[in-house]
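Next up, coords_15.txt (compact mmCIF, C-alpha atoms):
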# COMPACT_ATOMS: atom_id res chain seq x y z
CA MET A 32 -21.91 24.15 -49.48
CA ILE A 33 -22.89 23.60 -45.84
CA VAL A 34 -20.56 20.59 -45.54
CA SER A 35 -17.60 22.51 -46.92
CA LEU A 36 -18.29 25.57 -44.80
CA ILE A 37 -18.62 23.72 -41.47
CA THR A 38 -15.60 21.52 -42.22
CA ILE A 39 -13.46 24.58 -42.98
CA ILE A 40 -14.68 26.29 -39.81
CA SER A 41 -13.76 23.17 -37.77
CA LEU A 42 -10.29 23.16 -39.28
CA VAL A 43 -9.77 26.85 -38.52
CA ILE A 44 -10.93 26.41 -34.91
CA SER A 45 -8.62 23.41 -34.44
CA LEU A 46 -5.69 25.48 -35.71
CA MET A 47 -6.52 28.26 -33.26
CA LEU A 48 -6.67 25.98 -30.18
CA THR A 49 -3.64 25.98 -27.87
CA LYS A 50 -1.32 23.01 -28.26
CA THR A 51 -0.63 20.90 -25.19
CA TYR A 52 2.06 18.26 -24.62
CA ILE A 53 2.24 15.30 -22.24
CA SER A 54 5.35 13.98 -20.50
CA ARG A 55 5.00 10.32 -19.52
CA ALA A 56 6.81 8.17 -16.97
CA GLU A 57 6.30 4.76 -15.36
CA VAL A 58 7.35 3.46 -11.93
CA ILE A 59 7.07 0.18 -10.03
CA GLN A 60 7.35 -0.81 -6.38
CA THR A 61 9.71 -3.75 -6.03
CA ASN A 62 8.40 -4.88 -2.61
CA GLN A 63 4.68 -4.47 -2.19
CA SER A 64 3.92 -4.66 1.49
CA LEU A 65 4.26 -2.98 4.84
CA GLY A 66 7.72 -2.37 6.26
CA SER A 67 8.47 -5.44 8.32
CA PHE A 68 11.20 -7.43 9.93
CA GLY A 69 12.28 -10.93 9.14
CA GLY A 70 9.71 -13.63 9.73
CA ILE A 71 7.38 -11.55 11.91
CA LEU A 72 4.86 -10.50 9.29
CA GLN A 73 3.97 -13.69 7.48
CA SER A 74 1.20 -12.02 5.49
CA ILE A 75 3.41 -9.04 4.74
CA GLY A 76 6.97 -10.28 4.59
CA SER A 77 9.11 -13.35 5.15
CA LEU A 78 12.47 -14.13 6.68
CA ASN A 79 14.24 -14.69 3.37
CA SER A 80 12.54 -12.02 1.30
CA GLY A 81 14.38 -9.03 2.72
CA GLN A 82 12.81 -5.85 3.91
CA ARG A 83 9.39 -5.17 2.46
CA LYS A 84 8.19 -1.72 1.47
CA VAL A 85 4.89 0.04 1.25
CA GLY A 86 3.26 -0.91 -2.00
CA GLY A 87 1.48 0.34 -5.08
CA GLU A 88 -1.62 1.48 -3.23
CA THR A 89 0.54 3.92 -1.30
CA ILE A 90 1.90 5.27 -4.59
CA LEU A 91 -1.65 6.12 -5.67
CA VAL A 92 -2.43 7.78 -2.34
CA ILE A 93 0.65 10.02 -2.55
CA LEU A 94 0.08 10.92 -6.20
CA ASN A 95 -3.50 11.96 -5.46
CA SER A 96 -2.64 13.73 -2.21
CA GLN A 97 -3.19 17.40 -1.50
CA SER A 98 0.36 17.67 -0.16
CA LEU A 99 1.75 16.86 -3.61
CA LYS A 100 -0.46 19.50 -5.22
CA ASP A 101 0.56 22.08 -2.60
CA SER A 102 4.21 21.29 -3.22
CA LEU A 103 3.77 21.66 -6.99
CA ILE A 104 1.97 24.99 -6.52
CA ASP A 105 4.80 26.38 -4.38
CA LYS A 106 7.61 24.91 -6.45
CA PHE A 107 6.40 26.14 -9.86
CA ASP A 108 4.48 29.27 -8.80
CA LEU A 109 1.32 27.92 -10.40
CA PHE A 110 -0.86 30.81 -9.24
CA ASN A 111 0.90 33.06 -11.70
CA ARG A 112 1.47 30.47 -14.38
CA TYR A 113 -2.16 29.35 -14.56
CA GLU A 114 -3.51 32.79 -13.61
CA GLU A 115 -5.71 31.47 -10.81
CA ASP A 116 -6.64 33.26 -7.59
CA TYR A 117 -7.89 30.32 -5.53
CA LYS A 118 -6.08 27.19 -4.51
CA GLU A 119 -9.20 25.07 -5.05
CA SER A 120 -9.17 26.09 -8.72
CA LEU A 121 -5.55 25.04 -8.97
CA TYR A 122 -6.36 21.69 -7.38
CA ARG A 123 -8.96 21.03 -10.08
CA LYS A 124 -6.61 22.14 -12.83
CA LEU A 125 -3.81 19.93 -11.55
CA SER A 126 -6.19 16.97 -11.33
CA GLU A 127 -6.98 17.54 -15.00
CA ARG A 128 -3.33 17.97 -16.01
CA ILE A 129 -1.86 15.04 -14.04
CA GLN A 130 -2.84 11.63 -15.36
CA ILE A 131 -2.38 8.57 -13.13
CA GLU A 132 -2.94 5.08 -14.46
CA GLU A 133 -2.35 1.93 -12.41
CA MET A 134 -1.51 -1.39 -14.06
CA ARG A 135 -2.64 -4.44 -12.09
CA GLU A 136 -1.96 -8.16 -12.36
CA GLY A 137 -4.59 -9.64 -14.63
CA GLY A 138 -6.09 -6.19 -15.11
CA LEU A 139 -8.52 -6.60 -12.20
CA GLY A 140 -9.05 -3.97 -9.54
CA PHE A 141 -8.58 -6.43 -6.66
CA ASN A 142 -5.14 -7.63 -7.82
CA PRO A 143 -1.84 -6.07 -6.72
CA ILE A 144 -0.57 -3.06 -8.62
CA VAL A 145 2.26 -3.93 -11.01
CA SER A 146 3.19 -0.41 -12.10
CA VAL A 147 1.91 3.16 -12.16
CA LYS A 148 2.06 5.44 -15.19
CA ILE A 149 2.29 9.20 -14.63
CA GLY A 150 1.50 11.78 -17.28
CA VAL A 151 1.81 15.58 -16.97
CA ILE A 152 0.09 17.85 -19.51
CA ASP A 153 1.21 21.39 -20.25
CA GLU A 154 1.50 23.89 -23.07
CA THR A 155 5.31 23.75 -22.80
CA PRO A 156 7.12 20.41 -23.32
CA ASP A 157 10.04 21.33 -21.05
CA PHE A 158 7.74 22.36 -18.23
CA ALA A 159 5.70 19.15 -18.51
CA GLN A 160 8.88 17.08 -18.22
CA GLU A 161 10.23 19.16 -15.32
CA MET A 162 6.97 18.83 -13.39
CA ASN A 163 6.88 15.07 -13.96
CA GLU A 164 10.45 14.73 -12.69
CA TYR A 165 9.52 16.69 -9.58
CA ILE A 166 6.48 14.47 -8.97
CA ILE A 167 8.65 11.33 -9.08
CA ASP A 168 11.23 12.90 -6.73
CA PHE A 169 8.44 13.88 -4.34
CA LEU A 170 6.96 10.38 -4.53
CA SER A 171 10.31 8.70 -3.88
CA THR A 172 11.11 10.96 -0.92
CA ARG A 173 7.70 10.51 0.68
CA MET A 174 7.79 6.72 0.28
CA GLU A 175 11.28 6.57 1.76
CA ASN A 176 10.07 8.58 4.76
CA ILE A 177 7.14 6.23 5.25
CA ASN A 178 9.39 3.17 5.03
CA ASN A 179 11.80 4.75 7.53
CA GLU A 180 8.96 5.44 9.94
CA ASN A 181 7.70 1.85 9.59
CA SER A 182 11.20 0.47 10.11
CA GLU A 183 11.83 2.68 13.14
CA TYR A 184 8.52 1.70 14.69
CA SER A 185 9.14 -1.99 14.01
CA LEU A 186 12.61 -1.69 15.52
CA GLU A 187 11.24 -0.02 18.65
CA LEU A 188 8.65 -2.79 19.06
CA ILE A 189 11.37 -5.44 18.88
CA ARG A 190 13.63 -3.53 21.25
CA GLU A 191 10.83 -3.20 23.76
CA ARG A 192 10.09 -6.93 23.57
CA PHE A 193 13.82 -7.69 23.80
CA ARG A 194 14.18 -5.61 26.98
CA LYS A 195 11.19 -7.41 28.46
CA ASN A 196 12.73 -10.77 27.56
CA GLN A 197 16.05 -9.84 29.15
CA LEU A 198 14.30 -8.93 32.40
CA GLU A 199 12.11 -12.04 32.42
CA LEU A 200 15.05 -14.31 31.57
CA LYS A 201 17.16 -12.83 34.34
CA GLN A 202 14.35 -13.28 36.85
CA ALA A 203 13.68 -16.87 35.70
CA GLU A 204 17.36 -17.86 35.91
CA LYS A 205 17.68 -16.29 39.35
CA ALA A 206 14.61 -18.11 40.65
CA LEU A 207 15.80 -21.46 39.26
CA ASN A 208 19.28 -20.96 40.67
CA GLU A 209 17.93 -20.16 44.14
CA PHE A 210 15.70 -23.23 44.03
CA GLN A 211 18.61 -25.51 43.02
CA ASN A 212 20.84 -24.06 45.73
CA THR A 213 18.16 -24.82 48.29
CA TYR A 214 16.79 -28.20 47.17
CA GLY A 215 19.36 -29.63 44.77
CA ILE A 216 19.31 -30.56 41.11
CA PHE A 217 16.35 -32.14 39.33
CA GLU A 218 16.38 -34.23 36.18
CA ILE A 219 13.81 -33.55 33.46
CA GLU A 220 12.76 -36.57 31.41
CA ASN A 221 12.95 -36.32 27.60
CA GLN A 222 9.19 -36.42 27.13
CA LEU A 223 8.65 -33.46 29.43
CA SER A 224 11.61 -31.66 27.86
CA VAL A 225 9.98 -31.99 24.44
CA LEU A 226 6.70 -30.70 25.89
CA ILE A 227 8.46 -27.65 27.34
CA GLU A 228 10.13 -27.01 24.00
CA ASN A 229 6.73 -27.09 22.29
CA ILE A 230 5.39 -24.61 24.85
CA ALA A 231 8.32 -22.31 24.10
CA LEU A 232 7.66 -22.53 20.37
CA VAL A 233 4.02 -21.59 20.85
CA LYS A 234 5.04 -18.67 23.06
CA GLN A 235 7.50 -17.56 20.39
CA GLU A 236 4.75 -17.64 17.77
CA ILE A 237 2.47 -15.61 20.06
CA ILE A 238 5.13 -12.92 20.33
CA GLU A 239 5.50 -12.85 16.54
CA LYS A 240 1.76 -12.41 16.11
CA GLU A 241 1.53 -9.74 18.82
CA ILE A 242 4.17 -7.60 17.13
CA GLN A 243 2.54 -8.19 13.77
CA LEU A 244 -0.82 -7.19 15.26
CA GLU A 245 0.58 -3.92 16.59
CA LEU A 246 2.08 -3.00 13.21
CA ILE A 247 -1.19 -3.75 11.44
CA ARG A 248 -3.08 -1.68 14.02
CA ILE A 249 -0.86 1.31 13.33
CA ASN A 250 -1.01 1.01 9.54
CA PHE A 251 -4.51 -0.35 8.88
CA GLY A 252 -6.51 0.13 12.09
CA GLN A 253 -8.35 -2.28 14.37
CA SER A 254 -11.31 -2.51 12.02
CA SER A 255 -9.23 -3.98 9.18
CA SER A 256 -9.65 -7.61 8.16
CA GLN A 257 -5.92 -8.24 8.72
CA TYR A 258 -6.16 -7.07 12.31
CA LYS A 259 -9.19 -9.22 13.06
CA SER A 260 -7.60 -12.26 11.45
CA ILE A 261 -4.31 -11.97 13.38
CA ASN A 262 -6.18 -11.25 16.62
CA SER A 263 -8.15 -14.48 16.18
CA GLU A 264 -4.92 -16.39 15.61
CA ILE A 265 -3.45 -14.94 18.81
CA ASN A 266 -6.51 -15.99 20.80
CA ALA A 267 -6.21 -19.53 19.44
CA LEU A 268 -2.48 -19.64 20.24
CA ASN A 269 -3.07 -18.37 23.78
CA LYS A 270 -5.62 -21.12 24.29
CA LYS A 271 -3.16 -23.71 23.01
CA TYR A 272 -0.45 -22.25 25.24
CA GLU A 273 -2.63 -22.54 28.34
CA GLU A 274 -3.48 -26.15 27.48
CA LEU A 275 0.21 -27.04 27.13
CA ILE A 276 1.01 -25.27 30.41
CA GLU A 277 -1.69 -27.27 32.17
CA LYS A 278 -0.41 -30.47 30.60
CA SER A 279 3.13 -29.79 31.78
CA ASP A 280 1.88 -28.98 35.30
CA ASN A 281 0.20 -32.36 35.46
CA ASN A 282 3.23 -34.21 34.15
CA GLU A 283 5.03 -36.30 36.75
CA GLN A 284 8.11 -37.22 34.73
CA ILE A 285 10.63 -35.36 36.87
CA GLN A 286 13.29 -36.99 39.01
CA PHE A 287 15.46 -35.65 41.81
CA ALA A 288 19.17 -36.23 41.85
CA SER A 289 18.90 -36.36 45.66
CA PRO A 290 16.94 -39.45 46.88
CA ASN A 291 15.89 -37.79 50.16
CA LEU A 292 13.58 -35.43 48.22
CA LYS A 293 11.57 -38.08 46.33
CA ASP A 294 8.66 -37.78 48.71
CA VAL A 295 8.12 -34.07 48.10
CA PRO A 296 5.89 -33.93 44.98
CA ASP A 297 5.19 -30.20 45.27
CA LEU A 298 8.89 -29.53 44.70
CA PHE A 299 8.73 -31.49 41.44
CA LEU A 300 6.05 -29.17 40.12
CA THR A 301 7.85 -26.04 41.31
CA TYR A 302 11.08 -27.10 39.65
CA ALA A 303 9.31 -27.99 36.40
CA ARG A 304 7.69 -24.57 36.29
CA LEU A 305 10.97 -22.76 36.97
CA PHE A 306 12.83 -24.85 34.43
CA ARG A 307 10.05 -24.36 31.89
CA GLU A 308 10.13 -20.56 32.29
CA VAL A 309 13.90 -20.46 31.75
CA GLU A 310 13.60 -22.57 28.60
CA ILE A 311 10.80 -20.41 27.23
CA GLN A 312 12.72 -17.20 27.80
CA ASN A 313 15.87 -18.68 26.27
CA MET A 314 14.01 -19.64 23.10
CA ILE A 315 12.43 -16.21 22.92
CA TYR A 316 15.89 -14.70 23.26
CA GLU A 317 17.30 -16.92 20.50
CA PHE A 318 14.43 -15.86 18.25
CA ILE A 319 14.32 -12.15 18.93
CA VAL A 320 18.04 -11.27 18.87
CA PRO A 321 18.48 -12.08 15.14
CA GLN A 322 15.29 -10.17 14.40
CA LEU A 323 16.62 -7.17 16.27
CA GLU A 324 19.91 -7.23 14.37
CA GLN A 325 18.13 -7.69 11.06
CA GLN A 326 15.76 -4.80 11.66
CA GLU A 327 18.64 -2.52 12.64
CA LEU A 328 20.27 -3.42 9.32
CA TYR A 329 17.00 -2.73 7.48
CA LEU A 330 16.81 0.71 9.04
CA LEU A 331 20.36 1.54 7.96
CA ASN A 332 19.56 0.50 4.39
CA SER A 333 16.02 1.84 4.22
CA ASN A 334 14.91 3.33 0.92
CA SER A 335 11.74 4.01 -1.04
CA GLY A 336 11.77 0.72 -2.93
CA LEU A 337 10.62 2.72 -5.95
CA ARG A 338 12.03 1.81 -9.35
CA ILE A 339 11.69 4.00 -12.43
CA ILE A 340 10.90 1.99 -15.55
CA ASP A 341 10.53 5.00 -17.87
CA ASN A 342 11.98 8.37 -16.92
CA PRO A 343 9.83 11.43 -17.72
CA ASP A 344 10.27 12.04 -21.41
CA LEU A 345 10.45 15.32 -23.31
CA PRO A 346 7.37 15.34 -25.56
CA THR A 347 8.01 16.34 -29.16
CA TYR A 348 4.52 15.91 -30.57
CA LYS A 349 1.38 17.64 -29.35
CA TYR A 350 -1.05 15.78 -27.11
CA LYS A 351 -4.01 18.03 -27.93
CA PRO A 352 -5.86 19.26 -29.92
CA LYS A 353 -6.49 16.20 -32.08
CA ARG A 354 -7.03 18.19 -35.26
CA ALA A 355 -7.88 15.21 -37.42
CA TYR A 356 -10.57 14.13 -34.96
CA PHE A 357 -11.79 17.72 -34.74
CA VAL A 358 -12.11 18.04 -38.53
CA ILE A 359 -13.74 14.60 -38.83
CA ALA A 360 -16.23 15.53 -36.12
CA GLY A 361 -16.94 18.82 -37.93
CA PHE A 362 -17.38 16.97 -41.20
CA ILE A 363 -19.82 14.49 -39.65
CA PHE A 364 -21.68 17.34 -37.95
CA SER A 365 -21.88 19.22 -41.24
CA ILE A 366 -23.37 16.17 -42.97
CA VAL A 367 -25.98 15.90 -40.23
CA VAL A 368 -26.78 19.61 -40.55
CA ALA A 369 -26.95 19.32 -44.32
CA CYS A 370 -29.29 16.34 -44.14
CA LEU A 371 -31.53 18.11 -41.66
CA SER A 372 -31.54 21.22 -43.84
CA VAL A 373 -32.52 19.20 -46.90
CA LEU A 374 -35.28 17.48 -44.96
CA TYR A 375 -36.50 20.81 -43.66
CA LEU A 376 -36.48 22.42 -47.10
CA GLU A 377 -38.21 19.43 -48.63
CA SER A 378 -40.83 19.46 -45.89
CA SER A 379 -41.34 23.22 -46.37
CA ARG A 380 -41.66 22.76 -50.12
CA ARG A 381 -44.25 20.06 -49.66
CA GLU A 382 -46.20 22.16 -47.20
CA ASP A 383 -46.15 25.14 -49.60
CA SER A 384 -47.26 22.90 -52.45
CA GLU A 385 -50.09 21.51 -50.36
CA ILE A 386 -51.22 24.99 -49.32
CA ASN A 387 -51.16 26.18 -52.93
CA ARG A 388 -53.18 23.15 -54.00
CA ILE A 389 -55.82 23.82 -51.33
CA LYS A 390 -56.00 27.46 -52.35
CA GLU A 391 -56.47 26.44 -55.97
CA ILE A 392 -59.32 24.09 -55.01
CA ILE A 393 -60.99 26.80 -52.98
CA ARG A 394 -60.64 29.30 -55.81
CA ARG A 395 -62.25 26.95 -58.29
CA THR A 396 -65.18 26.18 -56.02
Structure encoded using structure tokens:
Amino acid sequence: MIVSLITIISLVISLMLTKTYISRAEVIQTNQSLGSFGGILQSIGSLNSGQRKVGGETILVILNSQSLKDSLIDKFDLFNRYEEDYKESLYRKLSERIQIEEMREGGLGFNPIVSVKIGVIDETPDFAQEMNEYIIDFLSTRMENINNENSEYSLELIRERFRKNQLELKQAEKALNEFQNTYGIFEIENQLSVLIENIALVKQEIIEKEIQLELIRINFGQSSSQYKSINSEINALNKKYEELIEKSDNNEQIQFASPNLKDVPDLFLTYARLFREVEIQNMIYEFIVPQLEQQELYLLNSNSGLRIIDNPDLPTYKYKPKRAYFVIAGFIFSIVVACLSVLYLESSRREDSEINRIKEIIRRT
């Protein structure tokens, strides 16, 4: 009797509960790294990989952001729909109604995010789908804005370095030209020429790392492990650069075209330094111009990088309540109650029997 009664009550309650539906969608980020340019960000992008975008972690940040919740509240007039008076209550309700599940490589929390599943729960299927569609539009727009900002900032960094290179190259060429007009033409031996080329390559790598360091500082901060790692690399490259500069200063493999200047060793060193500076600035120019053009192209073609795997669907079957589970739980609970009732009645019967037996013994004595 108890089992049947509780089970029927559970079924009735489950039928009275409000039905809710869930609209599901899934998105991926095709390029999972900071907006970059060409070969500058080796840990974030590469020359042949195309423009890189902010990744899956950014998707999670946006989906859990207060700005998204505020936008949903304004867009769908959720104060009236959910009959709430305080925004904090709406925040909690939205957190309960919006499900976010990240899928990672290998299923581990430290691995990159492969995709993100978004679910929106509501009493009305159409409204759940509409809200999910809006969330994806909001996510795509916000990610595109972030990528544009990263691209614009990267472009400005390259432009600034390009302007500096143009000025330094002009000054170096002018100084070398004035020296040659005054003292004549020098001849640089192959060994020293190779050394100067190596110096220029190191300087080029330093510039790459410096721009990369600035981008990481803006996006991750100076306390990040990426920043500290790149900063250490720059220090090591600067040390190597100074050693190569010193080596080239001590190199004597320079010859004058004019024999009357062979006895002026200080001029050899001056010419080598001027020639070296021109070569360094030329190599920097050859490196940075393609990067500038590439980044300008990236900015023109900037987008969110977001790809929709599954569009928000229109749910046709309820998400909750799970009536079968509800009835099963009621049935199990009823069995427990019935068992406890039987044990209680049996215990009471035994106690009454024992009391009656004691009374009978007392009466006889």
Who sits within 10 Å of segment 124-127 of chain A, only C-alpha atoms, same chain under 4 positions skipped, as a list in words: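 Once the nearby chain positions are removed, what remains is Asn95, Lys100, Leu103, Ile104, Leu109, Tyr113, Glu115, Lys118, Glu119, Ser120, Ile131, Val151 and Ile152 of chain A.
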Interatomic distance (Å, one decimal) between atom CA of Thr89 of chain A and atom CA of Leu345 of chain A: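 That distance, rounded to one decimal, is 26.7 Å.
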Nearest to Ser171 of chain A by atom-to-atom distance, counting all atoms listed in the file, from A:Arg190, A:Arg304, A:Lys351, A:Arg338: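 Checking each of A:Arg190, A:Arg304, A:Lys351, A:Arg338 against Ser171 of chain A, counting all atoms listed in the file, the winner is A:Arg338.
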Interatomic distance (Å, one decimal) between atom CA of Glu245 of chain A and atom CA of Asn313 of chain A: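 Atom CA of Asn313 of chain A lies 23.4 Å from atom CA of Glu245 of chain A.
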One-decimal distance in Å that lies between atom CA of Ile59 of chain A and atom CA of Glu133 of chain A: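 Rounded to one decimal, the two atoms are 9.9 Å apart.
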Residue nearest Asn334 of chain A among A:Ser378, A:Gln312, A:Gln130, A:Asn181 (counting only C-alpha atoms):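 Checking each of A:Ser378, A:Gln312, A:Gln130, A:Asn181 against Asn334 of chain A, counting only C-alpha atoms, the winner is A:Asn181.
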Ser224 of chain A environment, 10 Å, all atoms listed in the file, sequence neighbours closer than 2 positions dropped, as a PyMOL selection string: chain A and resi 218-222+226-230+279+284-285+303+306-307+310
7 Å contact set for Leu244 of chain A, only C-alpha atoms, chain neighbours under 4 positions out, as a list of chain:residue names: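 Listing them by chain and then by number gives A:Lys240, A:Arg248, A:Tyr258, A:Ile261, A:Asn262.
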Surrounding residues of Arg173 of chain A excluding itself and chain neighbours under 5 positions, 10 Å, all atoms listed in the file, as a ChimeraX atom specification: /A:89-90,93,99,167-168,178-179,335
Those residues you just picked out, can you put them in a file as a PDB file, in the frame of the given file with C-alpha atoms?
ATOM      1  CA  THR A  89       0.540   3.920  -1.300  1.00  0.00           C
ATOM      2  CA  ILE A  90       1.900   5.270  -4.590  1.00  0.00           C
ATOM      3  CA  ILE A  93       0.650  10.020  -2.550  1.00  0.00           C
ATOM      4  CA  LEU A  99       1.750  16.860  -3.610  1.00  0.00           C
ATOM      5  CA  ILE A 167       8.650  11.330  -9.080  1.00  0.00           C
ATOM      6  CA  ASP A 168      11.230  12.900  -6.730  1.00  0.00           C
ATOM      7  CA  ASN A 178       9.390   3.170   5.030  1.00  0.00           C
ATOM      8  CA  ASN A 179      11.800   4.750   7.530  1.00  0.00           C
ATOM      9  CA  SER A 335      11.740   4.010  -1.040  1.00  0.00           C
TER      10      SER A 335
END
Nearest-residue call for Gln243 of chain A, choices A:Leu275, A:Leu188, A:Val145, A:Ile53, using only C-alpha atoms: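 For Gln243 of chain A, the nearest of the candidates is A:Leu188.
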